[in-house]
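S.K.: To start, I am sharing the structure in question, which I have written as C-alpha cells.
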Amino acid sequence: MKKSSIEQLAELQKNAANIRNICILAHVDHGKTTLADSLVASNGIISQRMAGKLRYLDSREDEQTRGITMKSSAISLHFEHANEDFLINLIDSPGHIDFSCEVSTAVRLCDGAVVLVDVIEGICPQTQAVLRQAWLENIKPVLVLNKVDRLITEWKFTPQEAQIHLQRILEQVNAITGELFTSEVLAKSSSMASASKTVYNPGEDQVFDWSSGLEETDDSNLYFSPEGGNVAFASAIDGWGFRLDRFSELYAQKVGVSARVLGKTLWGDYYLDAKTKTVKKGAQAKSKKTLFVQLILENIWKIYDVILVRRDKELAEKIVKTLGVTIKIQMKDVRLYLQSLMNQWLPLSCSILDMVCEKLPSPLQMSEERVEKLLCATSQRFDSLPAPTRLLKNDFLSCSSNDDAPVIVFVSKMFTIESSALPSNRSRPLTVEEIKQRRDLLRSRKCEKSEHQTDLATNENTNTDGQEVCLSDGKQRPDDHVFVAFARVFSGKIRKGQTLYVLGPKHDPAKALQEVGDINAASSAEHIGRLQHISTFRIDELYMFMGRELEFLNEIPAGNVLGIGGLEDHILKSATIASTVACPSFSDMYLEATPIVRVAIEPRNTAEMKQLVHGLKLLNQSDPCVEIMVQETGEHIVTAAGEVHMQKCLDDLRHRFAKIEIDVSAPAVPFRETIIPRPVVDRVNEVIQDQQTSANVKSTSRQDLGIVEMSTLNGLATIKVRSLPLPEGVTKLLEDNMPAIKTLNQYSMGKSETADLQKIREETLMVLKDLKAKLAGAFGEAGDEFPADIVDHIWSFGPKRNCTNVLVNKADGYDRLSVWSLLDRKLSKSDFRQYDSSVVSGFQIATQAGPLCEEPMMGVCFVIEKWEMNGRICEKLIASENVSKSSDNIAEELADAVIDSFVSVNDRPFVEKCDVLTGSNATSDTDAISDSNVKEIVDRLEEVGIAGFDLKTSQFRGQLISCVKECCRRSFQMHPQRLMWAMYSCVIQATADVLGKMYAVLGKRNGRVLYEDMREGTSTFNIVALVPVAESFGLADEIRKRTSGLASPQLKFSHWEVIDIDPFWVPTTEEEYLHFGEKADTENVARKHMNAVRRRKGLKVNEKIVEFAEKQRTLKKNK
C-alpha cells in the first residue's frame, strides 16, 4: 500500500466507527516487534524485506542491542477493508516481565489486543499475565499462533502432528480465558447470593448451586476459535499468515462445498468424502486426513520442502505459476525467495488487519462495565458518584467529538524523546521556491572572484547544514530531551491552545462541584485551578505517533491515541485531564510487576550532586515503574522491577538525564523479619531437651512466652504486650487481600458519615466479609493458642495499616470497635480513649522496622493484654484537651487528683499546702494558684516518684508511642527470630542435555526445583524453580553461559519465605559440635544477609575482624 499522508490520517481520525486502538501482547521473544514491522511495512513506511530486522518501533539503542522491547511505542496505520478506510492505532508493548508496567500503560488506552503465542514455546508466564491484564481492563483479544514455520524446519513435524500440537496450544489458551471468566462469574454469583441470604436456620439444609451463574452467563464470544475468525496462524519472520476464511473462499468452488460450510469445518475433526463431495465428521476415527491438514497444511509443508529442503528450481517455478504470484528475484537465497513467495500468497498484514477490523471493537463499542471501572475505584459504587459525574458515562459511550461534549483525556505515562526528533526541529524537504532561491544563490557565487571561493563554500555548507538549527530557533540543544504525554481522548475534541484541568489522584468531584458551583463557567477557570488536587494548563502541542517520529496536529477528536507536549510540570507519571471538574480521576492501572531491586547511587564527582538530583527527577517521571527515594542517611535509592530494568534506568541516568558518571552500590533487596514457634529439634535433627532440670526453676510455658510489660517515662500509663507468630494461612490471607484491607482502613478509620459508608460497593463489602470469615477459620485451625474471638478484636493491621501484622485488643476495661465495624454499618466515631491513636502509631512504627536489621515485620500478632492509665491525673489530663480551661482550674484539678491518688495519708503538710494552693482555704481571688505554684506541685510529684509529669499532653503521646514500640520490639525478641527473603518464580525451558548444568547453577544460588515436565512429542523440559531474589543477580547470564544459550530463565516475584536458620545460632549440643566443628565457621546465610543490611544502613554489626586465627607453620625439608 502507498504511504498515507498525515492529512489523510488526520481525516480518518474523525470517523470513530472505523478506528481500532490495539496493542500487541505476548511473552518475550514471541515475535511482537517482527509482527509490528510487517504491519508497518504494509503502509510503505519500511521495506517488507526489512520486517523483523529493522525493529522499527524499537527506537532505543539498548533495545536494538538486547533484541527486546523495553517501552511501549505507537504508530498510526491506514488500512482498507471491505471498501472502507480504517485507522489502526497500533501500540507495540514489551514482553519482558521487568517491563510489564509498560504493558499496563498500553492496555489502558486500547479497545482490543492481538495476543501472540509462540507455537514452539507454548503458553509462558507472561502470556498468562497479559491475558489477565486484558481481562481486567475489559478489552477484547484476538489470537495469533506465531512461528508455525519452526514446526516444519526445526521440529520436523508432519502436518497431522502440527494440527494436534496447534489444537493443544489453543486449548491451553482457552483454559486460561475460561479460568478468568469462571472466577469473575462465581464472584458475582457469590455476592448476589450473600446479599439475598436469609437468616441461617440450623435445622434446615442450605444448598447453593455455584454453577448457576455460569449457566446463565453468555460465553459464546469469549473463547478463541479458528472457525470464529478470531484466530490466525502465522510466521512473522517469513511474512505470511492466514485465517480459515482465506482458504474457505479459495477452495469453495474447487471442492464443491459452500464457503460458509467450509469455513465452519476447516478446523476440527472433519474430512472430505471425495465420492459424494460432502464434508463428514470423524476423520480421526476413520484415519482420514482432516480438511485443515489436506487443504492447508500440506500445501504449506510442500512449499517449504521444495524451496528450503530440496531446492528444486523447476518445481518452485511451477508453484509460483500455480499460485499466480510474481517473484523477481533469483533462487540463490532460498530464504528470501520463500519469504517473497509466501508474503504474496498469504500476506501477513492483510490477515491480521482484516481480523482486527472485523473482530475487535471500535471506540463507539466501549462497554458500560469498562466505563464504570474507569470512572470509579474498585471499592466505590458508581451510583454513589454525583449526578453530573454519572452523566459523563453517556459521553464515554457515544465517543462524541462535538464542541459541547466535555473533553476527557487519560495520560497513562510520560516519556522522553530527543528534541531533535520533534517536528519543529526535524529537517524538512525543500519547497520549489526554496530550491530556486538556492540555485540562484549558487549561480551568483560562481560569478564571484576565485580567491573567495573557499570562504564562500564554507558559508554555503554552513547555511545548508544550519537549516535544522534555524528551525529550532536556537532554544534547545540537539541533545536535550523533552517530555511527551502518552494519552487517549475518551470524549470531546482536544485542541491546541485549549485550557484544561489536570485532576490529581485524590480529586473528589463531589467536593469540587460544591466549591465551584457552575462547572461550565469559563470565567472560573482560574479559580478552579487553585482548588485542591486540580491544576490548570494550556495545551502547547498535540502530536500523532508515527513510531520513531511525531507529527504536529491542531486538534484530535475522541477515540484516538495522541501525544501532548508541555505537561512535565503538571503530571508526574499518569493523570486524568478534563474540561470539567465533574470528571473523577481514573482508577489505578493494574500493575503486574513490583519494584523490588534497589541500589544506592552517588555522583563520582561530588560537585555534580545537583545534576544527579535533577536526573533522578527526570528518571522518576519518565519511567512508570521505577521508584526514587532519599533515605534518612542521605542516600539516593533507585528501586526497579528487576535486573534488566535496573540496568536500563542506570543507563538512562548516565547518558540521557544526569549525563554524569555515577557510582552504584551492589544491588540490594528488601527482607522481612518474623518470629516462629520455638523449634523442637536442633540443626542436626536431635530433639531439644529441656535444660531447666532444677525443681526450683519453672520452665516458661508457650502461653507466657513473649509477654512484656512497661510503663511510660512519667508513669501515667502501663502497657502489657504479648507477641505470637501468625499461622501461615493467616499471613497468606492478609498478603493476598492487602487492597481489601486498605479499603477497609480508609472507610473505617477515615470516614465517620453514613453517606460515605453508602458509597461502598456491595461486592467490596462481601469481599471483606469473606475475608473476615476466612481469617476466623484460619485462626481456628491454629488451635487454642489464639482466642476464639480474636478476629472481632483486631485493632489494626501494620505496617502502613494494610500489611501482614496484626494488633489485637484484649485489654480489660477497654471495649473499642474493631476494624470490622464497617461491615456492621457502625460508625467508627465511638467512645475511644483519647490516646487510642498513639497505641496504633507505636505498633505501626515497631512493625515498620524490626530489631534484626530494621526491615519490616511480617506474620506477627501483638496482643495488648493490659492498658492502664494511672489514677485520676490522666482523666483530668484528657479532659483538659477537650475543654479550654485556665491554668488555675487545671492546676486545681490536677492537685486534687495528686492528693487523692499519689500522696500518702501521713503526708499532711503537703496536703495542707495543696489545699492552700488550690484555693480551698482562700478568702479572695488573690489567693488563687499561680503558674509558679503549679511548678511547685510538679516538683513535689517528682519527690514522691512521679517524675516527668508535664501538662503538655503531646509529650505524653510521644512517650506512649515509644512505650508501645519498645514493648513490641522486646516481645518480638523473646521469640526465635528469623529473616524472610523474597523468592523469584523461575521458569526455564531447556533440553535434556543441559539439565545437569542448569541444576548446578540453581543449587549454587540456594534455588530449588519445584517440578519439571517434559513436553509431549518433544525433548524440551519445562522447569519451575524458586530462587531467592538476593541470589538471582547474574543468574540469567550464568545459565545462558553454562548451557550455551539453550536455556534462559524468566524471573517473576513469587512470595516471601523464611530462611530456616537462626541469625544468631552457635553450636550448643555435642551433636552440633561434632557435626559443625568447634569453630562452626560454616556460612550462616541468615547472618550474612542480616549483617549486610545492617552494614548498609549504618547499624552496629557484631563481627570480628580476625576469628579463630592460627599461627602458620612452615614445614621445611631437612637436608
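In the C-alpha cells, each chain is lettered A, B, ... as it comes, each chain's residues begin at 1, and ligands are numbered from 1 in order of appearance.
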List the spatial neighbours of region 801-817 of chain A as a PDB file with N, CA and C atoms, in the first residue's frame - criterion: any atom at most 9 Å away, only C-alpha atoms, same-chain residues fewer than 2 positions off excluded.
M.R.:
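Okay, selection.pdb is ready:
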```pdb
ATOM      1  N   LYS A 720       0.949  -3.786  78.580  1.00  0.00           N
ATOM      2  CA  LYS A 720       1.375  -5.180  78.598  1.00  0.00           C
ATOM      3  C   LYS A 720       1.089  -5.788  77.232  1.00  0.00           C
ATOM      4  N   LEU A 726       1.929 -15.475  63.659  1.00  0.00           N
ATOM      5  CA  LEU A 726       0.672 -15.754  62.975  1.00  0.00           C
ATOM      6  C   LEU A 726       0.760 -17.074  62.220  1.00  0.00           C
ATOM      7  N   VAL A 730      -3.046 -17.508  57.867  1.00  0.00           N
ATOM      8  CA  VAL A 730      -3.481 -16.135  58.143  1.00  0.00           C
ATOM      9  C   VAL A 730      -2.591 -15.141  57.418  1.00  0.00           C
ATOM     10  N   THR A 731      -1.289 -15.364  57.472  1.00  0.00           N
ATOM     11  CA  THR A 731      -0.364 -14.459  56.781  1.00  0.00           C
ATOM     12  C   THR A 731      -0.624 -14.440  55.282  1.00  0.00           C
ATOM     13  N   LYS A 732      -0.883 -15.607  54.712  1.00  0.00           N
ATOM     14  CA  LYS A 732      -1.165 -15.690  53.277  1.00  0.00           C
ATOM     15  C   LYS A 732      -2.443 -14.946  52.933  1.00  0.00           C
ATOM     16  N   LEU A 733      -3.464 -15.082  53.759  1.00  0.00           N
ATOM     17  CA  LEU A 733      -4.719 -14.371  53.517  1.00  0.00           C
ATOM     18  C   LEU A 733      -4.520 -12.862  53.553  1.00  0.00           C
ATOM     19  N   LEU A 734      -3.796 -12.390  54.547  1.00  0.00           N
ATOM     20  CA  LEU A 734      -3.563 -10.951  54.665  1.00  0.00           C
ATOM     21  C   LEU A 734      -2.753 -10.430  53.485  1.00  0.00           C
ATOM     22  N   GLU A 735      -1.769 -11.204  53.035  1.00  0.00           N
ATOM     23  CA  GLU A 735      -0.932 -10.769  51.926  1.00  0.00           C
ATOM     24  C   GLU A 735      -1.725 -10.721  50.623  1.00  0.00           C
ATOM     25  N   ASN A 737      -4.924 -10.189  50.323  1.00  0.00           N
ATOM     26  CA  ASN A 737      -6.063  -9.263  50.395  1.00  0.00           C
ATOM     27  C   ASN A 737      -5.660  -7.880  50.881  1.00  0.00           C
ATOM     28  N   MET A 738      -4.427  -7.469  50.589  1.00  0.00           N
ATOM     29  CA  MET A 738      -3.985  -6.142  51.021  1.00  0.00           C
ATOM     30  C   MET A 738      -4.812  -5.009  50.430  1.00  0.00           C
ATOM     31  N   PRO A 739      -5.227  -5.057  49.147  1.00  0.00           N
ATOM     32  CA  PRO A 739      -6.103  -3.975  48.645  1.00  0.00           C
ATOM     33  C   PRO A 739      -7.420  -3.884  49.407  1.00  0.00           C
ATOM     34  N   ALA A 740      -8.017  -5.028  49.754  1.00  0.00           N
ATOM     35  CA  ALA A 740      -9.264  -5.003  50.514  1.00  0.00           C
ATOM     36  C   ALA A 740      -9.053  -4.434  51.916  1.00  0.00           C
ATOM     37  N   ILE A 741      -7.919  -4.787  52.538  1.00  0.00           N
ATOM     38  CA  ILE A 741      -7.621  -4.249  53.866  1.00  0.00           C
ATOM     39  C   ILE A 741      -7.397  -2.741  53.797  1.00  0.00           C
ATOM     40  N   LYS A 742      -6.775  -2.291  52.724  1.00  0.00           N
ATOM     41  CA  LYS A 742      -6.581  -0.852  52.548  1.00  0.00           C
ATOM     42  C   LYS A 742      -7.916  -0.132  52.438  1.00  0.00           C
ATOM     43  N   THR A 743      -8.840  -0.705  51.695  1.00  0.00           N
ATOM     44  CA  THR A 743     -10.178  -0.121  51.583  1.00  0.00           C
ATOM     45  C   THR A 743     -10.880  -0.116  52.930  1.00  0.00           C
ATOM     46  N   LEU A 744     -10.771  -1.216  53.666  1.00  0.00           N
ATOM     47  CA  LEU A 744     -11.375  -1.301  54.992  1.00  0.00           C
ATOM     48  C   LEU A 744     -10.839  -0.221  55.912  1.00  0.00           C
ATOM     49  N   ASN A 745      -9.550   0.007  55.869  1.00  0.00           N
ATOM     50  CA  ASN A 745      -8.948   1.023  56.734  1.00  0.00           C
ATOM     51  C   ASN A 745      -9.400   2.420  56.350  1.00  0.00           C
ATOM     52  N   ILE A 790     -10.711 -13.765  68.376  1.00  0.00           N
ATOM     53  CA  ILE A 790      -9.603 -12.852  68.120  1.00  0.00           C
ATOM     54  C   ILE A 790      -9.864 -11.946  66.916  1.00  0.00           C
ATOM     55  N   VAL A 791     -10.575 -12.448  65.911  1.00  0.00           N
ATOM     56  CA  VAL A 791     -10.833 -11.634  64.718  1.00  0.00           C
ATOM     57  C   VAL A 791     -11.687 -10.422  65.061  1.00  0.00           C
ATOM     58  N   ASP A 792     -12.634 -10.584  65.995  1.00  0.00           N
ATOM     59  CA  ASP A 792     -13.507  -9.468  66.382  1.00  0.00           C
ATOM     60  C   ASP A 792     -12.791  -8.425  67.212  1.00  0.00           C
ATOM     61  N   HIS A 793     -11.562  -8.708  67.636  1.00  0.00           N
ATOM     62  CA  HIS A 793     -10.825  -7.753  68.468  1.00  0.00           C
ATOM     63  C   HIS A 793      -9.598  -7.194  67.742  1.00  0.00           C
ATOM     64  N   ILE A 794      -9.532  -7.390  66.445  1.00  0.00           N
ATOM     65  CA  ILE A 794      -8.396  -6.832  65.701  1.00  0.00           C
ATOM     66  C   ILE A 794      -8.479  -5.323  65.736  1.00  0.00           C
ATOM     67  N   TRP A 795      -7.408  -4.719  66.175  1.00  0.00           N
ATOM     68  CA  TRP A 795      -7.346  -3.271  66.376  1.00  0.00           C
ATOM     69  C   TRP A 795      -6.828  -2.583  65.111  1.00  0.00           C
ATOM     70  N   SER A 796      -5.766  -3.156  64.538  1.00  0.00           N
ATOM     71  CA  SER A 796      -5.160  -2.531  63.368  1.00  0.00           C
ATOM     72  C   SER A 796      -4.282  -3.560  62.661  1.00  0.00           C
ATOM     73  N   PHE A 797      -3.984  -3.254  61.402  1.00  0.00           N
ATOM     74  CA  PHE A 797      -3.005  -4.005  60.634  1.00  0.00           C
ATOM     75  C   PHE A 797      -1.785  -3.109  60.423  1.00  0.00           C
ATOM     76  N   GLY A 798      -0.636  -3.727  60.210  1.00  0.00           N
ATOM     77  CA  GLY A 798       0.547  -2.914  60.036  1.00  0.00           C
ATOM     78  C   GLY A 798       1.686  -3.709  59.389  1.00  0.00           C
ATOM     79  N   PRO A 799       2.728  -2.989  58.917  1.00  0.00           N
ATOM     80  CA  PRO A 799       2.811  -1.523  58.898  1.00  0.00           C
ATOM     81  C   PRO A 799       1.966  -0.926  57.774  1.00  0.00           C
ATOM     82  N   VAL A 819     -11.698  -3.214  63.619  1.00  0.00           N
ATOM     83  CA  VAL A 819     -11.595  -2.683  62.257  1.00  0.00           C
ATOM     84  C   VAL A 819     -12.749  -3.152  61.386  1.00  0.00           C
ATOM     85  N   TRP A 820     -13.505  -4.149  61.848  1.00  0.00           N
ATOM     86  CA  TRP A 820     -14.620  -4.690  61.053  1.00  0.00           C
ATOM     87  C   TRP A 820     -15.927  -3.959  61.316  1.00  0.00           C
ATOM     88  N   SER A 821     -15.892  -2.859  62.039  1.00  0.00           N
ATOM     89  CA  SER A 821     -17.130  -2.150  62.346  1.00  0.00           C
ATOM     90  C   SER A 821     -17.843  -1.670  61.085  1.00  0.00           C
ATOM     91  N   LYS A 826     -21.525   0.238  61.352  1.00  0.00           N
ATOM     92  CA  LYS A 826     -21.321   1.049  62.542  1.00  0.00           C
ATOM     93  C   LYS A 826     -20.313   2.134  62.235  1.00  0.00           C
ATOM     94  N   SER A 828     -17.243   4.628  62.991  1.00  0.00           N
ATOM     95  CA  SER A 828     -16.007   4.482  63.743  1.00  0.00           C
ATOM     96  C   SER A 828     -15.851   5.526  64.832  1.00  0.00           C
ATOM     97  N   SER A 830     -16.530   6.465  68.073  1.00  0.00           N
ATOM     98  CA  SER A 830     -17.032   5.753  69.236  1.00  0.00           C
ATOM     99  C   SER A 830     -16.363   6.289  70.489  1.00  0.00           C
ATOM    100  N   ASP A 831     -16.617   5.603  71.603  1.00  0.00           N
ATOM    101  CA  ASP A 831     -16.073   6.026  72.885  1.00  0.00           C
ATOM    102  C   ASP A 831     -14.647   5.509  73.013  1.00  0.00           C
ATOM    103  N   PHE A 832     -13.758   6.055  72.170  1.00  0.00           N
ATOM    104  CA  PHE A 832     -12.360   5.663  72.223  1.00  0.00           C
ATOM    105  C   PHE A 832     -11.660   6.409  73.340  1.00  0.00           C
ATOM    106  N   ARG A 833     -10.609   5.815  73.827  1.00  0.00           N
ATOM    107  CA  ARG A 833      -9.727   6.549  74.723  1.00  0.00           C
ATOM    108  C   ARG A 833      -8.999   7.627  73.931  1.00  0.00           C
ATOM    109  N   VAL A 840      -1.758   2.732  68.370  1.00  0.00           N
ATOM    110  CA  VAL A 840      -1.671   2.236  66.995  1.00  0.00           C
ATOM    111  C   VAL A 840      -0.393   2.743  66.327  1.00  0.00           C
ATOM    112  N   PHE A 843       2.547   0.737  67.384  1.00  0.00           N
ATOM    113  CA  PHE A 843       2.529  -0.560  66.695  1.00  0.00           C
ATOM    114  C   PHE A 843       3.011  -0.415  65.251  1.00  0.00           C
ATOM    115  N   GLN A 844       2.576   0.633  64.558  1.00  0.00           N
ATOM    116  CA  GLN A 844       2.988   0.834  63.164  1.00  0.00           C
ATOM    117  C   GLN A 844       4.496   1.058  63.069  1.00  0.00           C
ATOM    118  N   THR A 847       6.406  -2.312  63.721  1.00  0.00           N
ATOM    119  CA  THR A 847       6.348  -3.277  62.625  1.00  0.00           C
ATOM    120  C   THR A 847       7.032  -2.766  61.364  1.00  0.00           C
ATOM    121  N   MET A 857       8.397  -6.023  59.657  1.00  0.00           N
ATOM    122  CA  MET A 857       7.988  -7.320  60.189  1.00  0.00           C
ATOM    123  C   MET A 857       6.923  -7.934  59.281  1.00  0.00           C
ATOM    124  N   MET A 858       6.756  -9.244  59.444  1.00  0.00           N
ATOM    125  CA  MET A 858       5.749  -9.960  58.651  1.00  0.00           C
ATOM    126  C   MET A 858       5.272 -11.174  59.433  1.00  0.00           C
ATOM    127  N   GLY A 859       3.950 -11.348  59.506  1.00  0.00           N
ATOM    128  CA  GLY A 859       3.384 -12.524  60.147  1.00  0.00           C
ATOM    129  C   GLY A 859       3.494 -12.540  61.651  1.00  0.00           C
ATOM    130  N   VAL A 860       3.323 -11.376  62.311  1.00  0.00           N
ATOM    131  CA  VAL A 860       3.439 -11.279  63.759  1.00  0.00           C
ATOM    132  C   VAL A 860       2.146 -10.705  64.320  1.00  0.00           C
ATOM    133  N   CYS A 861       1.675 -11.279  65.409  1.00  0.00           N
ATOM    134  CA  CYS A 861       0.478 -10.796  66.101  1.00  0.00           C
ATOM    135  C   CYS A 861       0.878 -10.226  67.446  1.00  0.00           C
ATOM    136  N   PHE A 862       0.508  -8.985  67.710  1.00  0.00           N
ATOM    137  CA  PHE A 862       0.769  -8.331  69.003  1.00  0.00           C
ATOM    138  C   PHE A 862      -0.573  -8.144  69.711  1.00  0.00           C
ATOM    139  N   VAL A 863      -0.654  -8.664  70.930  1.00  0.00           N
ATOM    140  CA  VAL A 863      -1.878  -8.600  71.718  1.00  0.00           C
ATOM    141  C   VAL A 863      -1.668  -7.632  72.872  1.00  0.00           C
ATOM    142  N   ILE A 864      -2.499  -6.596  72.939  1.00  0.00           N
ATOM    143  CA  ILE A 864      -2.475  -5.664  74.069  1.00  0.00           C
ATOM    144  C   ILE A 864      -3.321  -6.283  75.175  1.00  0.00           C
ATOM    145  N   GLU A 865      -2.656  -6.843  76.207  1.00  0.00           N
ATOM    146  CA  GLU A 865      -3.370  -7.525  77.275  1.00  0.00           C
ATOM    147  C   GLU A 865      -3.713  -6.611  78.437  1.00  0.00           C
ATOM    148  N   LYS A 866      -3.003  -5.506  78.568  1.00  0.00           N
ATOM    149  CA  LYS A 866      -3.311  -4.573  79.655  1.00  0.00           C
ATOM    150  C   LYS A 866      -2.931  -3.175  79.218  1.00  0.00           C
ATOM    151  N   TRP A 867      -3.827  -2.240  79.516  1.00  0.00           N
ATOM    152  CA  TRP A 867      -3.535  -0.822  79.252  1.00  0.00           C
ATOM    153  C   TRP A 867      -4.186  -0.042  80.385  1.00  0.00           C
ATOM    154  N   GLU A 868      -3.352   0.375  81.315  1.00  0.00           N
ATOM    155  CA  GLU A 868      -3.844   1.089  82.489  1.00  0.00           C
ATOM    156  C   GLU A 868      -3.372   2.521  82.453  1.00  0.00           C
TER     157      GLU A 868
END
```
S.K.: Extract, using only C-alpha atoms, all DNA, RNA and protein residues at most 10 Å from Asp85 (chain A), discarding same-chain residues fewer than 6 positions from it, and format them as a PDB file with N, CA, C and O atoms, in the first residue's frame.
M.R.:
```
ATOM      1  N   LEU A   9      -4.406  10.692   7.389  1.00  0.00           N
ATOM      2  CA  LEU A   9      -4.579  10.042   8.687  1.00  0.00           C
ATOM      3  C   LEU A   9      -5.392  10.919   9.638  1.00  0.00           C
ATOM      4  O   LEU A   9      -6.226  10.409  10.398  1.00  0.00           O
ATOM      5  N   LEU A  12      -8.984  10.520   8.835  1.00  0.00           N
ATOM      6  CA  LEU A  12      -9.527   9.254   9.310  1.00  0.00           C
ATOM      7  C   LEU A  12      -9.832   9.283  10.809  1.00  0.00           C
ATOM      8  O   LEU A  12     -10.651   8.500  11.297  1.00  0.00           O
ATOM      9  N   ASN A  15     -13.667   9.695  12.031  1.00  0.00           N
ATOM     10  CA  ASN A  15     -14.672   8.630  11.956  1.00  0.00           C
ATOM     11  C   ASN A  15     -14.371   7.588  13.026  1.00  0.00           C
ATOM     12  O   ASN A  15     -13.577   6.671  12.820  1.00  0.00           O
ATOM     13  N   ASN A  18     -14.581   3.653  12.465  1.00  0.00           N
ATOM     14  CA  ASN A  18     -13.538   2.948  11.715  1.00  0.00           C
ATOM     15  C   ASN A  18     -12.163   3.117  12.349  1.00  0.00           C
ATOM     16  O   ASN A  18     -11.145   3.051  11.663  1.00  0.00           O
ATOM     17  N   ILE A  19     -12.134   3.344  13.644  1.00  0.00           N
ATOM     18  CA  ILE A  19     -10.873   3.446  14.385  1.00  0.00           C
ATOM     19  C   ILE A  19     -10.700   2.182  15.213  1.00  0.00           C
ATOM     20  O   ILE A  19     -11.643   1.696  15.838  1.00  0.00           O
ATOM     21  N   HIS A  78      -2.865   3.144   8.128  1.00  0.00           N
ATOM     22  CA  HIS A  78      -4.058   3.215   7.278  1.00  0.00           C
ATOM     23  C   HIS A  78      -4.267   1.844   6.639  1.00  0.00           C
ATOM     24  O   HIS A  78      -3.330   1.247   6.102  1.00  0.00           O
ATOM     25  N   PHE A  79      -5.519   1.353   6.696  1.00  0.00           N
ATOM     26  CA  PHE A  79      -5.810   0.046   6.114  1.00  0.00           C
ATOM     27  C   PHE A  79      -7.187   0.092   5.466  1.00  0.00           C
ATOM     28  O   PHE A  79      -8.144   0.662   6.031  1.00  0.00           O
TER      29      PHE A  79
END
```
S.K.: Give me the residues within 9 Å of Phe586 (chain A) as a list in words, counting only C-alpha atoms and dropping any in the same chain fewer than 6 places off.
M.R.: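 With the cut-off at 9 Å, the set is Lys373, Leu374, Leu375, Cys376, Ala377, Phe410, Pro505, Ala575 and Thr576 of chain A.
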S.K.: Please give the complete set of residues from region 999-1049 of chain A that DSSP, run on the backbone, assigns to alpha helix (DSSP H), formatted as JSON, numbers by chain.
M.R.: {"A": [999, 1000, 1001, 1002, 1003, 1004, 1035, 1036, 1037, 1038, 1039, 1040, 1041, 1042]}
S.K.: Generate the output file for the selected residues, N, CA, C and O atoms, as a PDB file, in the first residue's frame.
M.R.:
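Writing the result to result-v5.pdb gives the following:
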```
ATOM      1  N   TYR A 999      20.815 -27.262  36.721  1.00  0.00           N
ATOM      2  CA  TYR A 999      20.562 -27.560  38.122  1.00  0.00           C
ATOM      3  C   TYR A 999      21.747 -27.169  38.991  1.00  0.00           C
ATOM      4  O   TYR A 999      21.568 -26.764  40.153  1.00  0.00           O
ATOM      5  N   ALA A1000      22.948 -27.277  38.469  1.00  0.00           N
ATOM      6  CA  ALA A1000      24.136 -26.886  39.233  1.00  0.00           C
ATOM      7  C   ALA A1000      24.124 -25.382  39.525  1.00  0.00           C
ATOM      8  O   ALA A1000      24.471 -24.945  40.623  1.00  0.00           O
ATOM      9  N   VAL A1001      23.704 -24.595  38.541  1.00  0.00           N
ATOM     10  CA  VAL A1001      23.626 -23.136  38.751  1.00  0.00           C
ATOM     11  C   VAL A1001      22.565 -22.799  39.777  1.00  0.00           C
ATOM     12  O   VAL A1001      22.768 -21.959  40.665  1.00  0.00           O
ATOM     13  N   LEU A1002      21.402 -23.456  39.698  1.00  0.00           N
ATOM     14  CA  LEU A1002      20.334 -23.193  40.657  1.00  0.00           C
ATOM     15  C   LEU A1002      20.743 -23.604  42.069  1.00  0.00           C
ATOM     16  O   LEU A1002      20.464 -22.888  43.036  1.00  0.00           O
ATOM     17  N   GLY A1003      21.406 -24.741  42.200  1.00  0.00           N
ATOM     18  CA  GLY A1003      21.822 -25.193  43.520  1.00  0.00           C
ATOM     19  C   GLY A1003      22.837 -24.273  44.159  1.00  0.00           C
ATOM     20  O   GLY A1003      22.824 -24.066  45.374  1.00  0.00           O
ATOM     21  N   LYS A1004      23.723 -23.726  43.355  1.00  0.00           N
ATOM     22  CA  LYS A1004      24.733 -22.808  43.897  1.00  0.00           C
ATOM     23  C   LYS A1004      24.104 -21.534  44.432  1.00  0.00           C
ATOM     24  O   LYS A1004      24.676 -20.882  45.317  1.00  0.00           O
ATOM     25  N   LEU A1035      21.946 -14.394  37.333  1.00  0.00           N
ATOM     26  CA  LEU A1035      21.509 -15.771  37.118  1.00  0.00           C
ATOM     27  C   LEU A1035      21.248 -16.050  35.638  1.00  0.00           C
ATOM     28  O   LEU A1035      21.672 -17.088  35.109  1.00  0.00           O
ATOM     29  N   ALA A1036      20.555 -15.146  34.960  1.00  0.00           N
ATOM     30  CA  ALA A1036      20.213 -15.381  33.553  1.00  0.00           C
ATOM     31  C   ALA A1036      21.470 -15.498  32.698  1.00  0.00           C
ATOM     32  O   ALA A1036      21.583 -16.398  31.849  1.00  0.00           O
ATOM     33  N   ASP A1037      22.439 -14.619  32.938  1.00  0.00           N
ATOM     34  CA  ASP A1037      23.671 -14.672  32.145  1.00  0.00           C
ATOM     35  C   ASP A1037      24.453 -15.953  32.422  1.00  0.00           C
ATOM     36  O   ASP A1037      25.022 -16.559  31.497  1.00  0.00           O
ATOM     37  N   GLU A1038      24.479 -16.371  33.682  1.00  0.00           N
ATOM     38  CA  GLU A1038      25.234 -17.580  34.015  1.00  0.00           C
ATOM     39  C   GLU A1038      24.585 -18.824  33.420  1.00  0.00           C
ATOM     40  O   GLU A1038      25.286 -19.714  32.904  1.00  0.00           O
ATOM     41  N   ILE A1039      23.259 -18.896  33.456  1.00  0.00           N
ATOM     42  CA  ILE A1039      22.581 -20.062  32.873  1.00  0.00           C
ATOM     43  C   ILE A1039      22.792 -20.104  31.367  1.00  0.00           C
ATOM     44  O   ILE A1039      23.068 -21.164  30.787  1.00  0.00           O
ATOM     45  N   ARG A1040      22.668 -18.954  30.714  1.00  0.00           N
ATOM     46  CA  ARG A1040      22.896 -18.930  29.267  1.00  0.00           C
ATOM     47  C   ARG A1040      24.338 -19.313  28.928  1.00  0.00           C
ATOM     48  O   ARG A1040      24.603 -19.988  27.937  1.00  0.00           O
ATOM     49  N   LYS A1041      25.281 -18.894  29.774  1.00  0.00           N
ATOM     50  CA  LYS A1041      26.688 -19.210  29.524  1.00  0.00           C
ATOM     51  C   LYS A1041      26.964 -20.690  29.730  1.00  0.00           C
ATOM     52  O   LYS A1041      27.644 -21.329  28.910  1.00  0.00           O
ATOM     53  N   ARG A1042      26.437 -21.267  30.804  1.00  0.00           N
ATOM     54  CA  ARG A1042      26.698 -22.668  31.101  1.00  0.00           C
ATOM     55  C   ARG A1042      26.004 -23.607  30.118  1.00  0.00           C
ATOM     56  O   ARG A1042      26.489 -24.693  29.838  1.00  0.00           O
TER      57      ARG A1042
END
```
S.K.: Need to verify the contact set: Ile1059 (chain A), 10 Å, only C-alpha atoms, exclusion of same-chain residues closer than 5 positions in sequence. Can you return it as JSON, numbers by chain?
M.R.: {"A": [978, 979, 980, 981, 1085, 1086]}
